[in-house]
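Asks: Pasting a structure below so you can have a look.
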Amino acid sequence: MKVVVGLAKKKVLVTGASSFIGIRLCELLAAQGCCIYALVRESSAGLNAILNLHGVCCVLGDVESIESVLKKIGTIDIVFHLAWSGVGGVDRADPEIQIRNFENSMNVLRHAKAHGCSLFVFGGSQAEYGRCNGLITELTLCNPESEYGKAKLAFTMAGTDFCEQSNISYRMARIFSVYGPGDHEWTLVSELIRSMSNNEVVPLTQCEQRWNFLYLDDAVNALISLASDFCGNGIYNIASANTRPLKEYVNIIRQKFPESPAPGFGLSVGVATHEINPVVDKILRKTNWKERFSFEDGIRNTISSYRYL
């Protein structure tokens, strides 16, 4: 990726730095010449990965102790806020966990302002939209169903208001389905790779709905591109420009495991399905970001990382 205008030598805080996306974000931000402070819990499984990154300063702590963390760091130019608990499983539906995420995020924003932050980039979610028919643009009406999506949307709205009142530049990224090395074990891509490599059949729906996958490096470079001096404030979809029937993605993964049984299309019955069809014209128009990895290339890299581990 080209050097993003305005990023070199900036002092950057990344919350949720030991997450799937956070680790790669820290690595690629360091390559942009930023001074990176990665906020990581001492108990995090990704701690060692952050400690091994060249040019990244690991700061032990969490968003609930953000005031003391920022006192140690001092002034900060940019915050990439990715920290969010309860992203999967039953916690995704827990209102107490998700309300606490909202409150912690507002606290991060307030203290970032107090320490000189001039740009705030938030890792939001496609879950803010809920189930949508047709194309999903940044102007699509949001109707989130999960507590997770509701809390993400609440922070997007409240964070936008706070930044505008505080004269802080902001980019609220709505991230769609990202996959790649280090992905969560419970995602469909991870489950398919693991099962097919063991010659097991994953029960699936007919997978006729349209879906969208974006490779990790493309997603991270999209986030970084939002920090450009020439990128305006607002909400940005982060997704692939290539949406396909879900069955096509499954079959591409199957091609990498020719000895595995045929995918279990139609074996999962009574499961409600929906489709996603995001539009990424805005980020393409406002930044120099371009998608570099096809799904075929991204899956090849992802499978290689599983075999390496």
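Going by the structure tokens order, chains are called A, B, ..., each with residues numbered from 1, while ligands are numbered from 1 in the order shown.
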As an MDAnalysis selection string, which residues of region 50-239 of chain A does DSSP assign to alpha helix (DSSP H)?
Replies: chainID A and resid 50:51 66:73 95:114 147:166 188:197 216:225
Asks: Quick one: write out the picked residues with C-alpha atoms as a PDB file, in the first residue's frame?
Replies:
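Saved to again_34.pdb:
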ATOM      1  CA  ILE A  50       2.172  -7.744  19.637  1.00  0.00           C
ATOM      2  CA  LEU A  51       5.397  -8.034  21.632  1.00  0.00           C
ATOM      3  CA  ILE A  66      -7.908   4.134  29.508  1.00  0.00           C
ATOM      4  CA  GLU A  67      -7.364   7.216  31.664  1.00  0.00           C
ATOM      5  CA  SER A  68      -4.285   5.776  33.379  1.00  0.00           C
ATOM      6  CA  VAL A  69      -3.076   4.299  30.064  1.00  0.00           C
ATOM      7  CA  LEU A  70      -3.180   7.675  28.334  1.00  0.00           C
ATOM      8  CA  LYS A  71      -1.456   9.354  31.266  1.00  0.00           C
ATOM      9  CA  LYS A  72       1.499   7.051  30.611  1.00  0.00           C
ATOM     10  CA  ILE A  73       1.472   7.665  26.859  1.00  0.00           C
ATOM     11  CA  PRO A  95     -27.247  -6.375  26.650  1.00  0.00           C
ATOM     12  CA  GLU A  96     -25.101  -5.770  29.739  1.00  0.00           C
ATOM     13  CA  ILE A  97     -21.886  -6.635  27.915  1.00  0.00           C
ATOM     14  CA  GLN A  98     -22.834  -4.562  24.879  1.00  0.00           C
ATOM     15  CA  ILE A  99     -23.940  -1.529  26.928  1.00  0.00           C
ATOM     16  CA  ARG A 100     -20.607  -1.686  28.745  1.00  0.00           C
ATOM     17  CA  ASN A 101     -18.860  -1.715  25.355  1.00  0.00           C
ATOM     18  CA  PHE A 102     -20.721   1.467  24.429  1.00  0.00           C
ATOM     19  CA  GLU A 103     -19.837   3.166  27.716  1.00  0.00           C
ATOM     20  CA  ASN A 104     -16.181   2.127  27.508  1.00  0.00           C
ATOM     21  CA  SER A 105     -15.982   3.408  23.930  1.00  0.00           C
ATOM     22  CA  MET A 106     -17.396   6.793  24.881  1.00  0.00           C
ATOM     23  CA  ASN A 107     -14.867   6.910  27.704  1.00  0.00           C
ATOM     24  CA  VAL A 108     -12.035   6.190  25.273  1.00  0.00           C
ATOM     25  CA  LEU A 109     -13.238   9.017  23.055  1.00  0.00           C
ATOM     26  CA  ARG A 110     -13.501  11.536  25.902  1.00  0.00           C
ATOM     27  CA  HIS A 111     -10.025  10.767  27.215  1.00  0.00           C
ATOM     28  CA  ALA A 112      -8.588  10.739  23.697  1.00  0.00           C
ATOM     29  CA  LYS A 113      -9.879  14.276  23.260  1.00  0.00           C
ATOM     30  CA  ALA A 114      -8.285  15.310  26.562  1.00  0.00           C
ATOM     31  CA  GLU A 147     -27.505  -6.337  21.005  1.00  0.00           C
ATOM     32  CA  TYR A 148     -24.028  -6.229  19.500  1.00  0.00           C
ATOM     33  CA  GLY A 149     -25.270  -4.402  16.410  1.00  0.00           C
ATOM     34  CA  LYS A 150     -27.434  -2.057  18.464  1.00  0.00           C
ATOM     35  CA  ALA A 151     -24.493  -1.049  20.676  1.00  0.00           C
ATOM     36  CA  LYS A 152     -22.170  -0.568  17.704  1.00  0.00           C
ATOM     37  CA  LEU A 153     -24.762   1.679  16.029  1.00  0.00           C
ATOM     38  CA  ALA A 154     -25.369   3.619  19.250  1.00  0.00           C
ATOM     39  CA  PHE A 155     -21.672   4.384  19.486  1.00  0.00           C
ATOM     40  CA  THR A 156     -21.404   5.320  15.803  1.00  0.00           C
ATOM     41  CA  MET A 157     -24.152   7.890  16.334  1.00  0.00           C
ATOM     42  CA  ALA A 158     -23.041   9.182  19.743  1.00  0.00           C
ATOM     43  CA  GLY A 159     -19.372   9.153  18.750  1.00  0.00           C
ATOM     44  CA  THR A 160     -20.148  11.138  15.613  1.00  0.00           C
ATOM     45  CA  ASP A 161     -21.990  13.778  17.662  1.00  0.00           C
ATOM     46  CA  PHE A 162     -19.164  13.974  20.195  1.00  0.00           C
ATOM     47  CA  CYS A 163     -16.477  14.356  17.523  1.00  0.00           C
ATOM     48  CA  GLU A 164     -18.406  17.058  15.696  1.00  0.00           C
ATOM     49  CA  GLN A 165     -18.958  19.012  18.896  1.00  0.00           C
ATOM     50  CA  SER A 166     -15.301  18.558  19.882  1.00  0.00           C
ATOM     51  CA  LEU A 188     -17.695 -20.039   8.487  1.00  0.00           C
ATOM     52  CA  VAL A 189     -14.379 -19.767   6.619  1.00  0.00           C
ATOM     53  CA  SER A 190     -12.418 -21.135   9.587  1.00  0.00           C
ATOM     54  CA  GLU A 191     -14.919 -23.927  10.149  1.00  0.00           C
ATOM     55  CA  LEU A 192     -14.849 -24.952   6.483  1.00  0.00           C
ATOM     56  CA  ILE A 193     -11.044 -25.011   6.335  1.00  0.00           C
ATOM     57  CA  ARG A 194     -10.761 -27.000   9.538  1.00  0.00           C
ATOM     58  CA  SER A 195     -13.478 -29.522   8.577  1.00  0.00           C
ATOM     59  CA  MET A 196     -12.401 -30.004   4.971  1.00  0.00           C
ATOM     60  CA  SER A 197      -8.787 -30.522   6.021  1.00  0.00           C
ATOM     61  CA  LEU A 216      -7.546  -9.322   6.167  1.00  0.00           C
ATOM     62  CA  ASP A 217      -4.825  -7.206   4.538  1.00  0.00           C
ATOM     63  CA  ASP A 218      -7.350  -5.460   2.315  1.00  0.00           C
ATOM     64  CA  ALA A 219      -9.551  -4.694   5.317  1.00  0.00           C
ATOM     65  CA  VAL A 220      -6.652  -3.309   7.352  1.00  0.00           C
ATOM     66  CA  ASN A 221      -5.376  -1.198   4.473  1.00  0.00           C
ATOM     67  CA  ALA A 222      -8.898   0.160   4.067  1.00  0.00           C
ATOM     68  CA  LEU A 223      -8.888   1.242   7.724  1.00  0.00           C
ATOM     69  CA  ILE A 224      -5.498   2.872   7.283  1.00  0.00           C
ATOM     70  CA  SER A 225      -6.628   4.687   4.144  1.00  0.00           C
TER      71      SER A 225
END
Asks: Name the residues in contact with region 277-290 of chain A at a cut-off of 6 Å, using only C-alpha atoms, excluding same-chain residues fewer than 4 positions from it; report them as number ranges by chain.
Replies: A: 135-137, 222, 231, 237
Asks: Please produce a file of those selected residues containing N, CA and C atoms, as a compact mmCIF listing (two decimals), in the first residue's frame.
Replies:
# COMPACT_ATOMS: atom_id res chain seq x y z
N LEU A 135 -28.89 -3.61 -2.21
CA LEU A 135 -27.59 -3.00 -1.97
C LEU A 135 -27.56 -2.27 -0.63
N ILE A 136 -26.40 -2.34 0.03
CA ILE A 136 -26.22 -1.67 1.32
C ILE A 136 -25.21 -0.54 1.15
N THR A 137 -25.67 0.68 1.18
CA THR A 137 -24.79 1.85 1.14
C THR A 137 -24.74 2.46 2.54
N ALA A 222 -7.74 -0.73 4.18
CA ALA A 222 -8.90 0.16 4.07
C ALA A 222 -9.01 1.04 5.31
N CYS A 231 -9.34 12.34 3.33
CA CYS A 231 -10.56 11.55 3.50
C CYS A 231 -11.50 12.29 4.45
N ASN A 237 -18.35 1.99 4.49
CA ASN A 237 -18.39 0.53 4.37
C ASN A 237 -17.01 0.02 4.02
Asks: Between CA of His81 (chain A) and CA of Gly134 (chain A), what is the distance, to one decimal in Å?
Replies: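 Taking CA of His81 (chain A) and CA of Gly134 (chain A), their separation equals 29.4 Å.
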Asks: Could you pull out the strand (DSSP E or B) residues of region 117-179 of chain A, going by DSSP on the backbone, and write them as a PyMOL selection string?
Replies: chain A and resi 119-125+136+169-175+178-179
Asks: In Å, with one decimal, what is the gap from CA of Ala38 (chain A) to CA of Ile299 (chain A)?
Replies: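 Atom-to-atom, CA of Ala38 (chain A) and CA of Ile299 (chain A) are spaced 27.6 Å apart.
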Asks: Between A:Ser44, A:Asn301, A:Asn233, A:Gln126, which is the closest to Thr140 (chain A) once you count only C-alpha atoms?
Replies: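 When distances to Thr140 (chain A) are compared using only C-alpha atoms, the smallest one comes from A:Gln126.
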Asks: Could you state the separation of CA of Ser260 (chain A) and CA of Glu200 (chain A) in Å, given to one decimal place?
Replies: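 That distance, rounded to one decimal, is 6.9 Å.
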Asks: Between A:Gly33, A:Gly55, A:Gly89, A:Gly234, which residue has the minimum interatomic distance to Phe120 (chain A), considering only C-alpha atoms?
Replies: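 With only C-alpha atoms as the atom set, the closest residue is A:Gly234.
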Asks: Find the residue from A:Leu60, A:Ile23, A:Leu13, A:Val269 that sits nearest to Val40 (chain A); use only C-alpha atoms when measuring.
Replies: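 Smallest separation from Val40 (chain A) among the options: A:Leu60.
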Asks: Between A:Val121, A:Ala17, A:Ile252, A:Leu139, which one has atoms that come closest to Leu47 (chain A), using only C-alpha atoms?
Replies: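 Closest candidate: A:Ala17.
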Asks: Find the residues around Ile235 (chain A) up to 6 Å (only C-alpha atoms counted), leave out those fewer than 3 positions away in its own chain, and share them as a PDB file with C-alpha atoms, in the first residue's frame.
Replies:
ATOM      1  CA  ARG A 171     -14.203   7.906  10.400  1.00  0.00           C
ATOM      2  CA  MET A 172     -16.832   5.345  11.429  1.00  0.00           C
ATOM      3  CA  ALA A 173     -15.959   2.146   9.544  1.00  0.00           C
TER       4      ALA A 173
END
Asks: If you count only C-alpha atoms, which residues fall within 9 Å of Leu39 (chain A), apart from same-chain ones fewer than 5 positions away, as a list in words?
Replies: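 Non-adjacent residues within range: Leu13, Val14, Thr15, Gly16, Ala17, Ser18, Cys57, Cys58, Val59, Leu60, Gly61, Asp62, Val63, Val69 and Ala83 of chain A.
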